[in-house]
>>> print(open('work.cif').read())   # mmCIF, C-alpha atoms and all ligand atoms
data_coords
#
loop_
_atom_site.label_atom_id
_atom_site.label_comp_id
_atom_site.auth_asym_id
_atom_site.auth_seq_id
_atom_site.Cartn_x
_atom_site.Cartn_y
_atom_site.Cartn_z
CA MET A 1 6.84 59.41 26.02
CA LYS A 2 4.13 58.49 23.55
CA LEU A 3 2.85 55.37 25.27
CA ASN A 4 2.57 57.30 28.53
CA GLY A 5 0.44 59.95 26.84
CA GLN A 6 -1.86 57.43 25.22
CA PHE A 7 -2.23 55.60 28.50
CA PHE A 8 -3.18 58.69 30.48
CA SER A 9 -5.52 60.03 27.78
CA ARG A 10 -7.79 57.10 28.61
CA CYS A 11 -7.66 57.68 32.36
CA GLY A 12 -10.18 59.65 34.37
CA ALA A 13 -8.78 62.75 36.10
CA ARG A 14 -9.65 61.48 39.58
CA ASN A 15 -7.42 58.43 39.32
CA ALA A 16 -4.72 59.98 37.20
CA ARG A 17 -2.20 60.23 40.04
CA ASN A 18 -2.71 56.64 41.17
CA HIS A 19 -2.53 55.39 37.63
CA ARG A 20 0.62 57.41 37.02
CA VAL A 21 2.28 55.83 40.06
CA SER A 22 0.93 52.43 39.08
CA PHE A 23 2.19 52.76 35.56
CA ALA A 24 5.61 53.97 36.67
CA ILE A 25 6.00 51.04 39.05
CA ALA A 26 4.62 48.60 36.49
CA SER A 27 7.17 49.95 34.03
CA LEU A 28 9.91 49.48 36.59
CA ALA A 29 8.72 45.94 37.25
CA LEU A 30 8.63 45.13 33.56
CA PHE A 31 12.03 46.75 33.07
CA ALA A 32 13.42 44.70 35.95
CA ALA A 33 11.82 41.54 34.58
CA GLY A 34 13.30 42.31 31.20
CA SER A 35 16.69 42.89 32.77
CA VAL A 36 16.56 39.55 34.51
CA LEU A 37 15.48 37.80 31.35
CA ASN A 38 18.19 39.57 29.36
CA SER A 39 20.70 38.76 32.06
CA GLN A 40 19.80 35.09 31.91
CA ALA A 41 19.76 35.07 28.12
CA ASN A 42 23.04 36.92 27.77
CA SER A 43 24.92 35.16 30.52
CA ALA A 44 23.53 31.66 30.21
CA THR A 45 26.53 30.19 28.44
CA LEU A 46 30.07 31.45 28.95
CA TYR A 47 31.90 28.58 27.31
CA THR A 48 31.35 25.34 25.41
CA GLU A 49 33.77 22.76 24.00
CA ASN A 50 32.70 19.50 22.35
CA PHE A 51 36.03 18.75 20.59
CA ASP A 52 34.07 17.83 17.45
CA ASP A 53 35.66 20.20 14.92
CA GLY A 54 39.14 18.70 15.24
CA ASN A 55 40.69 22.05 16.15
CA ALA A 56 40.33 21.98 19.92
CA SER A 57 44.08 21.65 20.45
CA SER A 58 44.41 25.31 19.44
CA ARG A 59 41.91 26.32 22.10
CA TRP A 60 43.61 24.62 25.05
CA THR A 61 47.04 24.77 26.68
CA THR A 62 48.48 21.47 27.84
CA VAL A 63 50.89 21.11 30.74
CA THR A 64 52.56 17.82 31.59
CA SER A 65 54.76 16.45 34.30
CA GLY A 66 56.39 13.09 33.74
CA PRO A 67 57.94 11.93 30.47
CA VAL A 68 55.15 9.83 29.01
CA SER A 69 52.00 11.92 29.17
CA SER A 70 49.89 12.74 26.12
CA ALA A 71 46.81 14.64 24.99
CA ASP A 72 44.60 13.99 21.95
CA PHE A 73 42.10 16.79 21.49
CA ALA A 74 40.27 15.07 18.62
CA PHE A 75 40.05 11.51 19.85
CA ASP A 76 37.40 9.38 18.13
CA TYR A 77 35.91 7.02 20.70
CA THR A 78 33.42 5.41 18.30
CA SER A 79 35.17 2.06 18.43
CA VAL A 80 36.52 2.20 21.98
CA LEU A 81 35.46 -0.88 23.89
CA ASP A 82 35.01 -1.41 27.60
CA PHE A 83 36.39 -4.30 29.67
CA ALA A 84 33.58 -6.53 28.48
CA GLY A 85 34.19 -5.82 24.82
CA ASN A 86 31.20 -3.54 24.42
CA PRO A 87 31.35 -0.02 22.91
CA ILE A 88 31.62 2.60 25.61
CA GLY A 89 28.79 4.56 23.98
CA VAL A 90 28.11 8.22 24.62
CA PRO A 91 27.72 10.25 27.82
CA GLN A 92 24.70 12.27 26.72
CA THR A 93 21.31 10.92 25.69
CA GLY A 94 20.88 11.33 21.94
CA GLN A 95 24.50 12.28 21.31
CA THR A 96 25.55 11.29 17.78
CA THR A 97 29.18 12.49 17.76
CA HIS A 98 32.09 10.57 19.27
CA THR A 99 35.00 12.98 19.46
CA GLY A 100 36.49 13.99 22.78
CA LEU A 101 39.67 14.74 24.69
CA LYS A 102 41.91 11.82 25.61
CA LEU A 103 44.48 12.37 28.34
CA ALA A 104 47.07 9.82 29.40
CA ALA A 105 49.83 9.93 31.99
CA ASN A 106 52.66 7.55 32.81
CA THR A 107 51.72 5.43 29.83
CA GLY A 108 53.92 2.79 28.24
CA SER A 109 54.10 -0.77 27.07
CA THR A 110 56.48 -2.28 29.59
CA PRO A 111 54.92 -3.07 32.96
CA GLY A 112 57.23 -2.28 35.83
CA SER A 113 58.77 0.82 34.30
CA GLY A 114 57.19 4.19 34.88
CA THR A 115 57.05 7.30 36.98
CA ILE A 116 54.50 9.46 38.75
CA ALA A 117 53.03 11.77 36.15
CA GLY A 118 50.29 14.29 35.54
CA ILE A 119 48.75 16.15 32.63
CA ASN A 120 46.33 19.06 32.58
CA ALA A 121 44.64 20.93 29.76
CA TYR A 122 43.58 24.53 30.45
CA ALA A 123 41.02 26.31 28.26
CA ASN A 124 42.45 29.37 26.55
CA SER A 125 40.70 32.76 26.45
CA LEU A 126 38.41 32.04 29.36
CA ASN A 127 38.39 34.11 32.54
CA LEU A 128 35.63 33.28 34.99
CA THR A 129 34.90 36.22 37.29
CA THR A 130 31.29 35.50 38.28
CA SER A 131 29.24 32.66 39.77
CA VAL A 132 29.17 29.71 37.38
CA VAL A 133 28.15 26.14 36.79
CA MET A 134 30.61 23.93 34.87
CA THR A 135 29.55 20.60 33.39
CA PHE A 136 31.47 17.94 31.49
CA ASP A 137 31.55 14.20 30.89
CA MET A 138 34.35 11.86 31.94
CA TYR A 139 35.32 8.24 31.33
CA ALA A 140 38.16 6.62 33.27
CA HIS A 141 39.17 3.89 30.81
CA PHE A 142 41.15 0.90 32.01
CA THR A 143 41.37 -2.47 30.25
CA ASP A 144 45.09 -3.23 30.68
CA THR A 145 45.62 -6.36 32.72
CA GLY A 146 48.98 -6.28 34.48
CA PHE A 147 49.29 -2.51 34.55
CA GLY A 148 48.43 -0.03 37.28
CA SER A 149 44.75 0.80 37.43
CA THR A 150 44.71 3.57 40.03
CA ASN A 151 44.62 6.95 38.37
CA TYR A 152 42.87 10.20 39.16
CA GLY A 153 40.77 12.48 37.02
CA THR A 154 41.74 16.06 37.92
CA TYR A 155 39.64 19.08 37.08
CA GLY A 156 38.65 22.47 38.34
CA PHE A 157 37.85 26.09 37.71
CA TYR A 158 39.00 29.65 38.57
CA HIS A 159 42.61 28.87 37.69
CA SER A 160 44.37 32.22 37.24
CA THR A 161 47.33 30.51 35.59
CA GLN A 162 47.60 27.87 32.89
CA THR A 163 50.70 26.41 34.45
CA GLY A 164 51.15 23.46 36.72
CA THR A 165 49.67 20.00 36.73
CA PHE A 166 47.85 18.07 39.36
CA ASN A 167 50.68 15.61 39.88
CA SER A 168 50.41 12.62 42.18
CA LEU A 169 48.00 13.57 44.97
CA GLY A 170 48.41 17.33 45.02
CA PRO A 171 48.38 20.14 42.49
CA VAL A 172 51.64 21.75 41.52
CA ALA A 173 49.48 24.53 40.14
CA THR A 174 49.04 27.57 42.34
CA SER A 175 45.46 28.66 41.81
CA GLY A 176 41.84 27.62 41.62
CA TYR A 177 39.50 25.04 43.04
CA TRP A 178 40.53 21.46 42.28
CA PHE A 179 38.50 18.25 42.35
CA THR A 180 40.01 14.82 41.84
CA ASN A 181 38.51 11.36 41.86
CA SER A 182 40.33 8.05 41.90
CA SER A 183 39.36 5.62 39.20
CA ASP A 184 39.34 2.83 41.78
CA ASN A 185 40.25 2.33 45.43
CA GLY A 186 44.03 2.33 45.18
CA THR A 187 44.56 5.07 47.77
CA SER A 188 43.13 6.04 51.14
CA SER A 189 40.96 8.81 49.70
CA ALA A 190 39.31 8.56 46.32
CA MET A 191 37.47 11.89 46.47
CA ARG A 192 39.50 15.01 47.11
CA ALA A 193 38.50 18.67 46.89
CA LEU A 194 41.18 21.33 47.16
CA GLU A 195 41.49 25.10 47.17
CA VAL A 196 44.79 25.82 45.45
CA GLY A 197 47.04 23.20 47.10
CA THR A 198 45.10 22.65 50.31
CA GLN A 199 42.99 19.52 50.45
CA ASP A 200 39.73 19.65 52.38
CA ASN A 201 39.63 16.54 54.55
CA THR A 202 36.49 17.49 56.48
CA ALA A 203 34.56 14.26 56.08
CA ALA A 204 31.15 15.87 56.66
CA ARG A 205 31.54 17.83 53.43
CA TYR A 206 31.71 14.65 51.35
CA LEU A 207 29.04 12.17 50.32
CA ASP A 208 28.44 9.50 52.96
CA VAL A 209 30.66 11.56 55.29
CA SER A 210 33.60 9.88 53.60
CA GLN A 211 36.22 10.47 50.96
CA ASN A 212 36.46 6.72 50.49
CA PRO A 213 33.64 5.13 48.44
CA GLY A 214 34.96 1.70 49.34
CA ALA A 215 34.19 2.15 53.02
CA VAL A 216 31.39 -0.10 54.21
CA THR A 217 29.37 2.94 55.24
CA SER A 218 29.62 4.56 51.83
CA VAL A 219 26.29 3.23 50.65
CA THR A 220 25.40 6.17 48.45
CA TYR A 221 28.66 6.08 46.53
CA GLN A 222 28.19 2.38 45.94
CA SER A 223 24.57 2.64 44.84
CA LEU A 224 25.50 5.53 42.58
CA PHE A 225 28.22 3.52 40.84
CA PRO A 226 27.42 -0.19 41.24
CA ASP A 227 30.02 -2.85 40.50
CA GLN A 228 29.75 -3.90 36.86
CA ASP A 229 31.89 -7.05 36.73
CA GLY A 230 31.37 -8.95 39.98
CA ALA A 231 34.67 -10.21 41.31
CA GLY A 232 36.51 -8.67 38.37
CA GLY A 233 38.77 -5.69 38.90
CA PHE A 234 37.65 -3.55 35.97
CA SER A 235 34.77 -2.16 38.00
CA GLN A 236 34.30 -1.63 41.71
CA ALA A 237 31.29 -0.40 43.62
CA GLY A 238 31.51 3.29 44.38
CA TYR A 239 34.20 4.18 41.86
CA VAL A 240 34.10 5.80 38.44
CA LEU A 241 36.28 3.23 36.68
CA ASN A 242 35.07 2.20 33.20
CA ARG A 243 31.85 4.17 32.94
CA TRP A 244 30.68 7.51 31.61
CA VAL A 245 30.08 10.01 34.40
CA ASN A 246 28.42 13.42 34.10
CA VAL A 247 30.19 15.92 36.36
CA ARG A 248 28.89 19.29 37.55
CA LEU A 249 30.86 21.93 39.47
CA THR A 250 29.11 24.95 40.99
CA ARG A 251 30.54 28.16 42.42
CA ASP A 252 28.23 30.78 43.91
CA MET A 253 30.16 33.90 44.87
CA THR A 254 27.20 35.33 46.82
CA SER A 255 26.87 32.48 49.28
CA GLY A 256 30.39 31.12 48.92
CA LEU A 257 29.04 27.73 47.86
CA VAL A 258 31.46 25.39 46.11
CA LYS A 259 29.78 22.13 45.06
CA TRP A 260 30.92 19.01 43.22
CA GLU A 261 28.32 16.63 41.80
CA MET A 262 28.21 13.48 39.68
CA LYS A 263 25.62 11.30 38.00
CA ASN A 264 25.31 8.49 35.52
CA PRO A 265 24.10 9.51 32.04
CA ASN A 266 20.66 8.00 32.66
CA ASP A 267 20.18 9.45 36.14
CA ALA A 268 17.60 12.23 36.39
CA ASN A 269 19.47 14.07 39.12
CA TYR A 270 23.03 14.72 40.22
CA THR A 271 24.37 13.39 43.51
CA THR A 272 26.46 15.78 45.59
CA ILE A 273 29.96 14.44 46.13
CA TYR A 274 31.25 17.46 48.06
CA SER A 275 29.86 20.78 49.20
CA VAL A 276 31.29 23.64 51.23
CA ILE A 277 30.57 27.28 52.00
CA ASP A 278 33.93 28.89 51.35
CA ALA A 279 34.16 31.81 53.76
CA THR A 280 37.36 33.28 52.36
CA GLN A 281 36.84 32.98 48.60
CA THR A 282 40.36 33.82 47.51
CA GLN A 283 40.07 32.20 44.05
CA ASN A 284 37.93 34.59 42.04
CA SER A 285 39.10 34.54 38.45
CA GLY A 286 40.58 32.28 35.86
CA THR A 287 39.98 29.42 33.49
CA ILE A 288 39.01 25.75 33.70
CA THR A 289 41.10 22.59 33.57
CA LEU A 290 40.68 18.89 32.79
CA GLY A 291 43.38 16.38 33.59
CA MET A 292 44.68 13.04 34.72
CA THR A 293 47.35 11.99 37.14
CA ASP A 294 48.95 8.65 37.93
CA PRO A 295 50.05 8.78 41.57
CA PHE A 296 52.03 5.56 41.32
CA ALA A 297 55.25 4.80 39.49
CA SER A 298 53.77 1.54 38.22
CA LEU A 299 53.11 2.08 34.54
CA SER A 300 49.69 2.78 33.04
CA GLY A 301 48.97 0.59 30.04
CA PRO A 302 48.13 1.79 26.53
CA ASN A 303 44.41 1.45 27.24
CA THR A 304 44.51 3.41 30.47
CA TYR A 305 43.41 7.01 30.05
CA PHE A 306 40.71 9.58 30.83
CA LEU A 307 38.23 10.79 28.21
CA TYR A 308 36.46 14.14 28.49
CA ASP A 309 33.68 15.58 26.36
CA ASN A 310 30.84 18.14 26.30
CA VAL A 311 32.38 20.87 28.43
CA ALA A 312 30.11 23.80 29.25
CA VAL A 313 30.25 26.74 31.64
CA SER A 314 27.16 28.81 32.41
CA GLU A 315 26.82 31.89 34.55
CA ILE A 316 24.54 31.87 37.59
CA PRO A 317 22.32 34.99 37.41
CA GLU A 318 23.07 37.44 40.19
CA PRO A 319 20.37 37.39 42.88
CA ALA A 320 20.51 41.19 43.11
CA SER A 321 18.50 41.43 39.87
CA LEU A 322 15.86 39.11 41.28
CA THR A 323 15.66 41.25 44.43
CA ILE A 324 15.02 44.38 42.36
CA LEU A 325 12.28 42.56 40.50
CA GLY A 326 10.73 41.40 43.77
CA ILE A 327 10.70 44.92 45.23
CA ALA A 328 9.24 46.33 42.04
CA MET A 329 6.52 43.70 41.85
CA ALA A 330 5.63 44.16 45.53
CA GLY A 331 5.30 47.89 45.01
CA PHE A 332 3.17 47.38 41.91
CA LEU A 333 0.82 45.00 43.68
CA GLY A 334 0.58 47.35 46.66
CA VAL A 335 -0.57 50.23 44.42
CA ARG A 336 -3.05 47.94 42.69
CA ARG A 337 -4.59 47.07 46.04
CA ARG A 338 -4.90 50.72 47.04
CA ILE A 339 -6.60 51.59 43.74
CA ALA A 340 -9.02 48.71 44.11
CA ARG A 341 -10.39 49.99 47.46
CA CA A 401 32.45 15.57 21.47
CA CA A 402 34.28 -5.77 40.31
#
>>> encode(input="work.cif", output="structure tokens", more="lines below")
Ligand SMILES: [Ca+2]
Ligand SMILES: [Ca+2]
Amino acid sequence: MKLNGQFFSRCGARNARNHRVSFAIASLALFAAGSVLNSQANSATLYTENFDDGNASSRWTTVTSGPVSSADFAFDYTSVLDFAGNPIGVPQTGQTTHTGLKLAANTGSTPGSGTIAGINAYANSLNLTTSVVMTFDMYAHFTDTGFGSTNYGTYGFYHSTQTGTFNSLGPVATSGYWFTNSSDNGTSSAMRALEVGTQDNTAARYLDVSQNPGAVTSVTYQSLFPDQDGAGGFSQAGYVLNRWVNVRLTRDMTSGLVKWEMKNPNDANYTTIYSVIDATQTQNSGTITLGMTDPFASLSGPNTYFLYDNVAVSEIPEPASLTILGIAMAGFLGVRRRIAR
């Protein structure tokens, strides 16, 4: 080892042994540091989808239930207006593109006709097997007076199958962690987290100790998403209807943490909507999904749909590597102290 030789040629004989130990441990520390850095660099991003190239439909598998559901994987929202007639804008600061995924369920033009329906898109060629963070942007669009406004965004990760929709208020699908938020307060629970088909109704695990942002005690929900139209029904305090929302899902397989967070595009920090330490962790591989469900037979109008954009999945570095680095650094510093005496 040439570097080793050069290093020791400059060392006095008396301290050669200490220096050799010091150098070996320093090398280990540097190797460990390099491993961590490489690990972070290599594993930082597992998946991205911005829908901007127009070919995203080939990269996702769509499953529908109900006869009038649709997916547009190259939807241009440049000219989409909100309830007040203003452009909906973009969900990320500085974003210049306006192409995303549009999902609709139970959509039609005749109020009064309709059926409960769901649609989910699953990313192809993605198999999450480690701890990850998933982020995406969502807009629950509704400007159809006279039609049903209560719909749910449905999304999740670690789905070992690409079959099954989240239909009505429960997933037909048989795998993964699911998260679903009502666009407004049309049901008893707007925020629902599920493992496979089992909904977690432990209130303490949700923001404001409630799954219902409309409850008078749900002050954080309502300050997070303030009402935008006063007495009007196109926006209600605490609900995601008619606004861009940044969503973040976290799964840490070491601790068992499963966390669901949201924020407005201009917020500095996410707000935790739901958090649990999953002791059993039975859902340990699979892909991601984005979806929409209409849990009521009343029809959704032509301007009632969910938009998604800027999907990304990053791996959480394993803490074991950091532990190795810590041990190595402690050993290195210990030797340094002994030499200094
Ligand atoms: Ca996009
Ligand atoms: Ca309102």
>>> residues_around(input="work.cif", residues="segment 137-149 of chain A", least_positions_apart="5", cutoff="7 Å", atoms="all atoms listed in the file", output="VMD selection string")
chain A and resid 82 to 83 91 111 183 234 240 to 247 298 to 301 303 to 310
>>> residues_around(input="work.cif", residues="Leu46 of chain A", least_positions_apart="2", cutoff="8 Å", atoms="all atoms listed in the file", output="list in words")
Ser43, Ala44, Thr48, Ala312, Val313, Ser314 and Glu315 of chain A
>>> residues_near_ligand(input="work.cif", ligand="ligand CA 402 (chain A)", cutoff="8 Å", atoms="all atoms listed in the file", output="list in words")
Asp227, Gln228, Asp229, Gly230, Ala231, Gly232, Gly233, Phe234, Ser235, Gln236 and Ala237 of chain A
>>> residues_near_ligand(input="work.cif", ligand="ligand CA 401 (chain A)", cutoff="7 Å", atoms="all atoms listed in the file", output="PyMOL selection string")
chain A and resi 50-52+97-100+309-310
>>> residues_around(input="work.cif", residues="segment 257-274 of chain A", least_positions_apart="3", cutoff="8 Å", atoms="only C-alpha atoms", output="list in words")
Pro91, Gln92, Thr93, Phe179, Met191, Ala193, Arg205, Tyr206, Leu207, Leu224, Phe225, Trp244, Val245, Asn246, Val247, Arg248, Leu249, Thr250, Arg251, Asp252, Met253, Thr254, Ile277 and Asp278 of chain A
>>> atom_distance(input="work.cif", atom1="atom CA of Ala71 of chain A", atom2="atom CA of Thr96 of chain A")
22.7 Å
>>> atom_distance(input="work.cif", atom1="atom CA of Ser58 of chain A", atom2="atom CA of Gly114 of chain A")
29.1 Å
>>> closest_residue(input="work.cif", among="A:Thr187, A:Gln281, A:Thr198, A:Ser255", to="Phe296 of chain A", atoms="only C-alpha atoms")
A:Thr187
>>> atom_distance(input="work.cif", atom1="atom CA of Ser275 of chain A", atom2="atom CA of Ala204 of chain A")
9.0 Å
>>> residues_around(input="work.cif", residues="segment 64-68 of chain A", least_positions_apart="4", cutoff="7 Å", atoms="all atoms listed in the file", output="ChimeraX atom specification")
/A:105-107,115-120,165,167
>>> closest_residue(input="work.cif", among="A:Ser125, A:Thr130, A:Asn201, A:Thr180", to="Gly156 of chain A", atoms="all atoms listed in the file")
A:Thr180
>>> closest_residue(input="work.cif", among="A:Ile288, A:Ala203, A:Ala279, A:Val216", to="Asn127 of chain A", atoms="all atoms listed in the file")
A:Ile288
>>> residues_around(input="work.cif", residues="Pro213 of chain A", least_positions_apart="6", cutoff="10 Å", atoms="only C-alpha atoms", output="tab-separated table (two decimals) with C-alpha atoms, in the coordinates of the input")
chain	number	residue	atom	x	y	z
A	182	SER	CA	40.33	8.05	41.90
A	184	ASP	CA	39.34	2.83	41.78
A	185	ASN	CA	40.25	2.33	45.43
A	188	SER	CA	43.13	6.04	51.14
A	189	SER	CA	40.96	8.81	49.70
A	190	ALA	CA	39.31	8.56	46.32
A	191	MET	CA	37.47	11.89	46.47
A	207	LEU	CA	29.04	12.17	50.32
A	219	VAL	CA	26.29	3.23	50.65
A	220	THR	CA	25.40	6.17	48.45
A	221	TYR	CA	28.66	6.08	46.53
A	222	GLN	CA	28.19	2.38	45.94
A	225	PHE	CA	28.22	3.52	40.84
A	236	GLN	CA	34.30	-1.63	41.71
A	237	ALA	CA	31.29	-0.40	43.62
A	238	GLY	CA	31.51	3.29	44.38
A	239	TYR	CA	34.20	4.18	41.86
>>> closest_residue(input="work.cif", among="A:Glu49, A:Thr282, A:Leu126, A:Val276", to="Thr202 of chain A", atoms="all atoms listed in the file")
A:Val276
